[in-house]
Every structure is written in C-alpha cells, then in structure tokens.
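Right, one structure below, let's go through it.
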Amino acid sequence: MTVVADHAVVAQSNGRERSSEIHIGLLGVGRVGRAVVRLAPSAAKVAGQRIRVVSGLVRDLRSGRDCPLPLTDDPGAIFASAPQVIVEALGGTEPARTLVLEALARGIAVVTANKTLLAYHGEELLAAAWAAGVPLRYEASVIAGVPFLGTLARRPFAANITSITGIVNGTTNYVLSEMRRARISYADALAEAQRCGYAEADASKDVNGFDAVEKLAVLVRQLAGVRVAAPAIETRGIGGITAADHEHAAELGGTIKPIASAAWDHPQISAFVGPSFVPAAHPLAKIEGSTNGICLRDRDGREVSFIGPGAGPDVTASTILDDVLEAALERALWHEPAPAANTAAPSTPWFVRLASRSGLLDGPEIASVCARQNVWVERTSSLDTRRGGEGRWLLTYPCRRDQIERVTTALNAATNGEAAVWRALA
Ligand SMILES: NC(=O)c1ccc[n+]([C@@H]2O[C@H](COP(=O)([O-])OP(=O)(O)OC[C@H]3O[C@@H](n4cnc5c(N)ncnc54)[C@H](OP(=O)(O)O)[C@@H]3O)[C@@H](O)[C@H]2O)c1
C-alpha cells in the first residue's frame with residue numbers, strides 16, 4: 001500500500017522554509033504513535049504553527065484499522081509524503097536506525113523517543129545529523145514527561161555538571177514502592193504493577209535494569225559529552241530485594257530505590273544501575289510509585305532536581321510534539337562528536353544483608369572481617385537482634401566493588417552464609 005499525502009500547504013520538502021503547518025511522517029503507530037496522532041491538532045499553540053501527521057508506518061496494516069491516518073507498510077511511502085519532520089516511534093534498533101539515517105540524509109529533521117536506538121547508535125545518528133545540518137531531537141527518550149535535556153542544553157550550568165543520580169524507570173520504582181507500602185513480596189508487587197498497567201507482561205527489560213542503563217547511556221552522552229557503552233555499565237535487577245531488606249533499610253534511616261547513577265572526571269566515568277539504599281534526606285527517597293526523578297550536581301556542589309512522570313503514551317507524545325515544533329522552527333541543538341569514555345564502577349557505601357546457616361557473627365566480629373579489607377561499617381540494623389532474627393543488615397562507608405566482594409566472601413566463609421550487597425547513596 002502506498003500513501004501520497006496532501007501536502008499542498010507546505011511549499012518545500014525539507015523544512016528549511018517556514019510554513020504554518022508542520023507535516024509529520026510517523027514511523028510506528030503503536031501506543032506512542034497513536035497518542036502523537038491524537039494530540040497533534042491541539043499541540044501547536046506557539047508561533048502560529050499547526051501540526052499534522054500526514055502518513056504512518058506500521059508492520060502489519062491490520063493493526064492500524066481503527067487509526068484515522070493513511071497507513072503504509074512501505075517506508076518509501078512515508079518519505080514520498082514529503083514530511084518536514086520524521087517522528088520515530090518504532091522502538092528497537094532496526095529498522096529504526098536505517099530509516100532515521102535515511103531521513104537525515106534527505107535533510108528531514110527527526111524526533112525520537114527511542115532510548116535503545118540512542119544508547120546503541122546515538123553517536124552514528126548524531127554525527128549524521130551534524131553532517132546533514134538537520135536537527136535530531138530525543139527529549140522523550142529519558143523521563144519523557146519532564147523536558148529537562150533541551151532546557152539544560154541551552155544553559156551554561158550544563159557544562160559544569162559532574163554527576164547525575166536518578167530514578168529513570170517507573171516500573172521498578174512502582175514495584176519497590178509497593179513492596180514497602182503494602183508489605184508484599186517482589187512477585188506480588190510485580191503482578192500488581194502488571195495489573196495496573198505500570199509493567200508490561202514481559203517486564204524483564206525493566207526489572208533487570210536494561211531499560212535504565214540505556215537511559216543512563218543517553219544521559220551520559222548528553223551531559224558528560226562522552227560515549228559510554230550501556231553493557232560496560234554495572235547493571236543489577238531488583239529481583240533479589242526482599243520485604244526484610246525494606247524493613248532494615250528503614251531501620252538504617254533510608255529506603256531502597258532503583259537508581260541509575262554516573263559521575264565523571266574526564267575521561268573517567270564511574271557509573272552503575274541497580275536497587276540502592278537511599279538515605280531518607282536524599283531528594284530521590286521521597287519519589288514513589290511510577291514517578292521518575294533526576295538529581296544533577298555541578299562542580300561547585302550545586303544540586304538541581306527534576307521530578308515528574310517518566311512514561312505513558314500521552315506524556316511521551318506531548319514531549320515528542322514539543323520536539324517537533326523546535327525541530328521545525330530550527331531551534332536545533334547541535335552536538336559535538338563525543339570521545340569514548342573510560343568506564344568504571346564507583347566507590348559507594350554498601351547496604352549489606354547477611355544470612356547465616358551456622359550462627360551469626362556479632363557486630364565487632366563483622367567489623368573486624370570488614371576492616372581486614374579496609375572496609376568500615378557505618379551502622380548496623382538492630383531490628384534483627386531485637387527480634388532474634390536470622391539475618392544482619394548493615395551499611396558500610398564507601399568502598400570499591402572488589403573490596404565489598406572480598407568482604408562478602410570472608411563473611412560467607414566464616415558463617416556458612418549467603419551475603420547480598422546493594423549500593424547505597426551517600
Ligand atoms: N510506551 C511508552 O510509554 C513510552 C515512553 C517513552 C518512550 N517510549 C518509546 O517509544 C517507542 C514506541 O513505543 P510504543 O510503546 O508506542 O511501542 P508499540 O506500541 O509496540 O508500537 C510500535 C509501533 O511500531 C510499528 N513497528 C514496529 N516494528 C516495525 C517494523 N519493522 N516495520 C514497520 N512498523 C514497525 C508497530 O507496527 P505493528 O503494530 O504493525 O507491529 C507499531 O505500530 C519505543 O522506542 C519506546 O521505548 C515509549
């Protein structure tokens with residue numbers, strides 16, 4: 001099927017000249033794509049612009065039967081409809097990468113919400129946009145409902161940022177929040193998230209941290225100006241967290257949150273993704289449910305936080321439409337080519353759970369095992385001792401992963417036990 005759109009209103013094909021109607025070619029008419037179609041007529045309230053989606057690409061034409069838009073399964077027909085802006089809402093890496101490259105080579109601005117595409121091919125795509133002199137915008141790829149990337153890119157403050165710490169995945173924040181609030185197991189909280197629409201039927205990409213690590217790679221590229229490969233970042237899922245871990249985290253003065261964090265001192269980057277102990281006074285400690293948040297710190301120690309909805313088709317589409325307006329109005333954000341980063345896992349405090357099959361060590365004994373690895377215990381939860389429980393939970397001062405791993409090996413050997421460790425924020 002081929003679509004030839006009515007584009008009489010637009011006198012040019014590459015968006016270089018202004019017109020009062022911006023024509024979108026939409027790649028992908030799923031949850032996000034449909035929201036773009038629905039919200040486009042009411043989106044363009046600035047600069048006297050109107051936005052119209054002129055054609056949409058799907059894989060299977062039967063999937064779009066109820067969509068009020070000319071659909072095609074032929075990418076060539078999308079380009080033939082002469083859009084000024086291509087919105088990529090396919091997901092994944094291919095054919096998204098090939099079609100975005102083709103759009104840029106044709107001089108057509110591109111807007112995408114696809115963090116996977118950016119995490120794995122961002123450098124190539126940004127270089128192509130740079131070479132072609134057309135905008136490539138991706139505000140909706142990280143914390144879709146909070147337009148902070150474009151805002152920061154215009155501010156000198158951004159050049160001084162040295163670390164980002166955030167909750168960038170709503171599914172895992174919802175699951176951990178529900179475990180704590182309703183005192184239920186991980187499996188029950190995940191099932192609840194799936195029932196309420198906060199988790200997909202296959203939530204593995206979220207709960208294993210792969211969604212968050214792709215977003216972190218996009219953030220590092222944008223804010224640190226270096227390339228980091230998502231698989232090079234330490235990544236852990238939330239599946240090992242228990243109700244007891246939540247209780248003892250509270251006893252130790254904090255809470256467990258799904259954290260994505262990176263700090264840099266060029267060209268060195270230390271980064272991790274995983275459930276982490278967050279002190280109660282930290283701005284991220286109070287962000288509950290599916291809400292996302294990000295804290296940025298600059299080299300003078302100034303901290304700025306952004307909090308808001310992370311995903312959902314409507315918030316994502318509305319940020320995409322903002323990007324469409326900016327791209328069409330040629331307020332492009334240009335990106336220098338980025339050198340590769342040296343990636344390492346950071347030194348942080350650790351939240352430790354010790355379970356023993358042959359008797360627990362007391363506080364001084366644990367401290368002495370830790371001290372042999374130059375690891376210092378900050379405090380120990382007393383809940384377990386008061387209840388005569390089978391576990392010990394403690395917080396350490398900052399140390400490297402290899403040090404804490406040597407500590408857990410020594411503690412396991414001394415108690416015939418099984419220690420689990422998660423990072424903690426300072
Ligand atoms: N959902 C959210 O809340 C959200 C939030 C932020 C960012 N995003 C990002 O937005 C993007 C789209 O997400 P979504 O939830 O809208 O996905 P979705 O509901 O699965 O929709 C994907 C669309 O792309 C089409 N498509 C996929 N592969 C194709 C191919 N090879 N050829 C032609 N069409 C193809 C599908 O067509 P068929 O239906 O015919 O298969 C469908 O129309 C993803 O990158 C996602 O990460 C989503």
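Going through the structure tokens in order, the chains are called A, B, and so on, while each chain numbers its residues from 1 and the ligands are numbered from 1 in the order shown.
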Next on the checklist: When you look at Arg183 (chain A) with a cut-off of 12 Å (counting only C-alpha atoms), what residues show up, excluding the ones that are within fewer than 6 positions of it in the same chain? I need them as an MDAnalysis selection string.
Outcome noted: chainID A and resid 175:177 189 242:247
Checklist entry - Near Asn374 (chain A), within 12 Å and counting only C-alpha atoms, which residues show up once chain neighbours fewer than 3 positions away are dropped, as a PyMOL selection string? => result chain A and resi 367-371+377+396-400+402-404+406-407
Please produce a file of those selected residues containing N, CA and C atoms, as a short mmCIF file (atom, residue, chain, number, x, y, z; two decimals), in the first residue's frame.
```cif
data_model
loop_
_atom_site.label_atom_id
_atom_site.label_comp_id
_atom_site.auth_asym_id
_atom_site.auth_seq_id
_atom_site.Cartn_x
_atom_site.Cartn_y
_atom_site.Cartn_z
N ALA A 367 32.69 -6.22 61.97
CA ALA A 367 33.55 -5.05 61.73
C ALA A 367 34.98 -5.48 61.51
N SER A 368 35.42 -6.50 62.24
CA SER A 368 36.83 -6.89 62.09
C SER A 368 37.07 -7.61 60.75
N VAL A 369 36.09 -8.41 60.27
CA VAL A 369 36.22 -9.02 58.93
C VAL A 369 36.29 -7.91 57.88
N CYS A 370 35.43 -6.91 58.03
CA CYS A 370 35.40 -5.80 57.06
C CYS A 370 36.73 -5.04 57.10
N ALA A 371 37.22 -4.77 58.29
CA ALA A 371 38.43 -3.95 58.44
C ALA A 371 39.62 -4.61 57.75
N VAL A 377 32.43 -0.31 58.76
CA VAL A 377 30.97 -0.37 58.96
C VAL A 377 30.50 0.96 59.54
N THR A 396 27.90 0.23 55.06
CA THR A 396 29.34 0.49 55.16
C THR A 396 29.64 1.92 54.72
N TYR A 397 30.85 2.36 55.01
CA TYR A 397 31.37 3.59 54.40
C TYR A 397 31.76 3.25 52.96
N PRO A 398 32.02 4.26 52.10
CA PRO A 398 32.30 3.97 50.69
C PRO A 398 33.50 3.06 50.48
N CYS A 399 33.36 2.12 49.55
CA CYS A 399 34.50 1.30 49.13
C CYS A 399 34.21 0.78 47.72
N ARG A 400 35.23 0.14 47.11
CA ARG A 400 35.06 -0.37 45.75
C ARG A 400 34.31 -1.70 45.76
N ASP A 402 35.25 -4.53 44.37
CA ASP A 402 36.11 -5.69 44.66
C ASP A 402 36.36 -5.81 46.16
N GLN A 403 36.40 -4.68 46.89
CA GLN A 403 36.58 -4.76 48.34
C GLN A 403 35.36 -5.40 49.01
N ILE A 404 34.15 -4.94 48.61
CA ILE A 404 32.95 -5.47 49.27
C ILE A 404 32.77 -6.94 48.90
N ARG A 406 35.24 -9.06 48.45
CA ARG A 406 36.15 -9.83 49.33
C ARG A 406 35.55 -9.94 50.74
N VAL A 407 34.87 -8.85 51.18
CA VAL A 407 34.22 -8.89 52.50
C VAL A 407 33.13 -9.96 52.52
#
```
Checklist outcome for this item: Atom pair CA of Arg155 (chain A) + CA of Val226 (chain A), distance 18.3 Å
Next on the checklist: Hey, which residues sit close to ligand 1? Say within 7 Å, counting only C-alpha atoms and all ligand atoms, and write them as a PyMOL selection string.
Outcome noted: chain A and resi 27-33+57-61+63-64+73+89-92+94-95+113-116+140-141+144+311-313+316
Checklist entry - Excluding same-chain residues fewer than 2 positions from Arg423 (chain A), what lies within 7 Å of it counting only C-alpha atoms, as JSON, numbers by chain? => result {"A": [276, 277, 348, 349, 350, 351, 421, 425]}
Next on the checklist: When DSSP is applied to the backbone of this structure, which of region 105-216 of chain A are assigned helix (DSSP H, G or I)? Write them out as a PyMOL selection string.
Outcome noted: chain A and resi 105+115-132+139-141+149-153+156-160+170-182+186-195+204-207+210-216
Find the spatial neighbours of region 96-109 of chain A, counting only C-alpha atoms, within a cut-off of 7 Å - ignore same-chain residues fewer than 6 positions away - and output them as a short mmCIF file (atom, residue, chain, number, x, y, z; two decimals) with N, CA and C atoms, in the first residue's frame.
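Result file is part_9.cif:
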```cif
data_model
loop_
_atom_site.label_atom_id
_atom_site.label_comp_id
_atom_site.auth_asym_id
_atom_site.auth_seq_id
_atom_site.Cartn_x
_atom_site.Cartn_y
_atom_site.Cartn_z
N ASN A 14 12.02 19.95 2.75
CA ASN A 14 12.98 19.64 3.81
C ASN A 14 12.83 20.49 5.05
N GLY A 15 11.79 21.27 5.17
CA GLY A 15 11.54 22.00 6.40
C GLY A 15 12.42 23.22 6.60
N GLN A 84 8.09 17.26 6.87
CA GLN A 84 9.18 18.14 7.33
C GLN A 84 9.90 17.51 8.50
N VAL A 85 9.15 16.71 9.27
CA VAL A 85 9.74 16.07 10.44
C VAL A 85 9.33 14.60 10.43
N ILE A 86 10.30 13.72 10.66
CA ILE A 86 10.00 12.30 10.86
C ILE A 86 9.97 12.05 12.37
N GLU A 88 10.06 9.06 14.93
CA GLU A 88 10.36 7.63 15.01
C GLU A 88 9.78 7.09 16.30
N LEU A 90 9.03 3.52 16.54
CA LEU A 90 9.01 2.09 16.24
C LEU A 90 9.50 1.29 17.45
N LEU A 117 17.69 2.84 20.62
CA LEU A 117 18.34 3.32 19.40
C LEU A 117 19.47 4.29 19.74
N LEU A 125 24.10 8.39 14.69
CA LEU A 125 22.96 9.21 14.27
C LEU A 125 23.23 10.69 14.49
N ALA A 128 25.48 11.87 11.82
CA ALA A 128 24.77 12.04 10.55
C ALA A 128 23.94 13.32 10.56
N ALA A 129 23.31 13.62 11.71
CA ALA A 129 22.53 14.85 11.82
C ALA A 129 23.43 16.07 11.67
N ALA A 132 24.49 16.43 8.09
CA ALA A 132 23.41 16.87 7.21
C ALA A 132 22.91 18.27 7.58
N VAL A 134 20.77 18.93 10.02
CA VAL A 134 19.34 18.91 10.40
C VAL A 134 19.21 18.43 11.85
N PRO A 135 18.16 18.89 12.54
CA PRO A 135 18.02 18.52 13.95
C PRO A 135 17.65 17.05 14.15
N LEU A 136 18.20 16.46 15.21
CA LEU A 136 17.78 15.15 15.70
C LEU A 136 17.46 15.37 17.17
N ALA A 327 12.18 21.40 16.30
CA ALA A 327 12.94 20.96 15.13
C ALA A 327 12.49 21.73 13.89
#
```
Per residue of region 116-145 of chain A within 12 Å of region 196-214 of chain A, which atom pair is closest and at what distance in Å (one decimal), using only C-alpha atoms, listed by chain and increasing number, as a tab-separated table?
```
residue	atom	partner	partner_atom	distance
A:Thr116	CA	A:Glu214	CA	6.0
A:Leu117	CA	A:Glu214	CA	9.0
A:Leu118	CA	A:Glu214	CA	8.0
A:Ala119	CA	A:Glu214	CA	5.3
A:Tyr120	CA	A:Glu214	CA	8.1
A:His121	CA	A:Glu214	CA	11.1
A:Gly122	CA	A:Glu214	CA	10.8
A:Ser141	CA	A:Glu214	CA	9.6
A:Val142	CA	A:Ala212	CA	9.0
A:Ile143	CA	A:Ala212	CA	10.3
```
Taking all heavy atoms for each residue, export the selection above as an mmCIF file, in the first residue's frame.
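Generated output (out_7.cif):
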```cif
data_model
loop_
_atom_site.group_PDB
_atom_site.id
_atom_site.type_symbol
_atom_site.label_atom_id
_atom_site.label_comp_id
_atom_site.auth_asym_id
_atom_site.auth_seq_id
_atom_site.Cartn_x
_atom_site.Cartn_y
_atom_site.Cartn_z
ATOM 1 N N THR A 116 16.742 2.909 23.235
ATOM 2 C CA THR A 116 17.578 1.789 22.781
ATOM 3 C C THR A 116 18.374 2.200 21.546
ATOM 4 O O THR A 116 19.585 1.978 21.447
ATOM 5 C CB THR A 116 16.688 0.569 22.435
ATOM 6 O OG1 THR A 116 15.823 0.323 23.537
ATOM 7 C CG2 THR A 116 17.520 -0.659 22.150
ATOM 8 N N LEU A 117 17.687 2.843 20.621
ATOM 9 C CA LEU A 117 18.340 3.322 19.396
ATOM 10 C C LEU A 117 19.473 4.286 19.743
ATOM 11 O O LEU A 117 20.585 4.190 19.214
ATOM 12 C CB LEU A 117 17.289 4.020 18.527
ATOM 13 C CG LEU A 117 17.776 4.634 17.223
ATOM 14 C CD1 LEU A 117 18.248 3.541 16.266
ATOM 15 C CD2 LEU A 117 16.673 5.455 16.568
ATOM 16 N N LEU A 118 19.203 5.207 20.662
ATOM 17 C CA LEU A 118 20.208 6.221 21.013
ATOM 18 C C LEU A 118 21.362 5.619 21.795
ATOM 19 O O LEU A 118 22.526 5.992 21.620
ATOM 20 C CB LEU A 118 19.552 7.334 21.827
ATOM 21 C CG LEU A 118 18.576 8.180 21.012
ATOM 22 C CD1 LEU A 118 17.627 8.930 21.917
ATOM 23 C CD2 LEU A 118 19.332 9.144 20.100
ATOM 24 N N ALA A 119 21.049 4.654 22.684
ATOM 25 C CA ALA A 119 22.116 4.065 23.501
ATOM 26 C C ALA A 119 23.097 3.284 22.626
ATOM 27 O O ALA A 119 24.297 3.275 22.890
ATOM 28 C CB ALA A 119 21.512 3.152 24.567
ATOM 29 N N TYR A 120 22.588 2.629 21.583
ATOM 30 C CA TYR A 120 23.463 1.769 20.779
ATOM 31 C C TYR A 120 23.960 2.436 19.492
ATOM 32 O O TYR A 120 25.000 2.050 18.974
ATOM 33 C CB TYR A 120 22.762 0.431 20.472
ATOM 34 C CG TYR A 120 22.662 -0.404 21.723
ATOM 35 C CD1 TYR A 120 21.524 -0.385 22.527
ATOM 36 C CD2 TYR A 120 23.763 -1.144 22.159
ATOM 37 C CE1 TYR A 120 21.465 -1.104 23.711
ATOM 38 C CE2 TYR A 120 23.715 -1.871 23.331
ATOM 39 C CZ TYR A 120 22.563 -1.849 24.112
ATOM 40 O OH TYR A 120 22.525 -2.542 25.284
ATOM 41 N N HIS A 121 23.215 3.413 18.978
ATOM 42 C CA HIS A 121 23.625 4.039 17.704
ATOM 43 C C HIS A 121 23.607 5.564 17.761
ATOM 44 O O HIS A 121 23.629 6.221 16.716
ATOM 45 C CB HIS A 121 22.710 3.558 16.561
ATOM 46 C CG HIS A 121 22.766 2.070 16.367
ATOM 47 N ND1 HIS A 121 23.863 1.441 15.822
ATOM 48 C CD2 HIS A 121 21.885 1.100 16.686
ATOM 49 C CE1 HIS A 121 23.642 0.126 15.807
ATOM 50 N NE2 HIS A 121 22.455 -0.102 16.322
ATOM 51 N N GLY A 122 23.538 6.118 18.979
ATOM 52 C CA GLY A 122 23.417 7.571 19.119
ATOM 53 C C GLY A 122 24.543 8.317 18.426
ATOM 54 O O GLY A 122 24.313 9.324 17.751
ATOM 55 N N SER A 141 13.164 10.484 25.229
ATOM 56 C CA SER A 141 13.783 9.163 25.423
ATOM 57 C C SER A 141 14.122 8.896 26.890
ATOM 58 O O SER A 141 14.289 7.749 27.287
ATOM 59 C CB SER A 141 15.047 9.043 24.561
ATOM 60 O OG SER A 141 16.007 9.999 24.959
ATOM 61 N N VAL A 142 14.257 9.938 27.715
ATOM 62 C CA VAL A 142 14.575 9.763 29.144
ATOM 63 C C VAL A 142 13.640 10.657 29.961
ATOM 64 O O VAL A 142 13.590 11.863 29.736
ATOM 65 C CB VAL A 142 16.031 10.176 29.458
ATOM 66 C CG1 VAL A 142 16.371 9.885 30.907
ATOM 67 C CG2 VAL A 142 17.016 9.478 28.543
ATOM 68 N N ILE A 143 12.924 10.057 30.919
ATOM 69 C CA ILE A 143 11.917 10.787 31.716
ATOM 70 C C ILE A 143 11.061 11.635 30.772
ATOM 71 O O ILE A 143 11.078 12.871 30.789
ATOM 72 C CB ILE A 143 12.542 11.651 32.840
ATOM 73 C CG1 ILE A 143 13.630 10.862 33.584
ATOM 74 C CG2 ILE A 143 11.486 12.112 33.807
ATOM 75 C CD1 ILE A 143 14.100 11.487 34.879
#
```
Checklist outcome for this item: Among A:Val228, A:Ala249, A:Ile161, A:Ala131, Cys295 (chain A) is approached most closely, using only C-alpha atoms, by A:Ile161
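Using only C-alpha atoms, the shortest contact distance between Leu223 (chain A) and any of A:Ile366, A:Ile78, A:Ala158, A:Ala338 is found at A:Ala158.
Distance-wise, CA of Gly170 (chain A) and CA of Thr319 (chain A) end up 17.0 Å apart.
If you look at CA of Arg353 (chain A) and CA of Glu378 (chain A), they are 14.0 Å away from each other.
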Item to check | strand (DSSP E or B) residues, from DSSP on the backbone, in region 31-133 of chain A, as a ChimeraX atom specification | outcome: /A:50-57,71-72,85-88,109-112
Next on the checklist: Using only C-alpha atoms for the distances, tell me which of A:Thr162, A:Thr415, A:Thr112, A:Ser382 is nearest to Asp265 (chain A).
Outcome noted: A:Thr162
Item to check | Among listed residues A:Ala159, A:Ala260, A:Val146, A:Ala281, nearest Gly225 (chain A) (using only C-alpha atoms) | outcome: A:Ala159
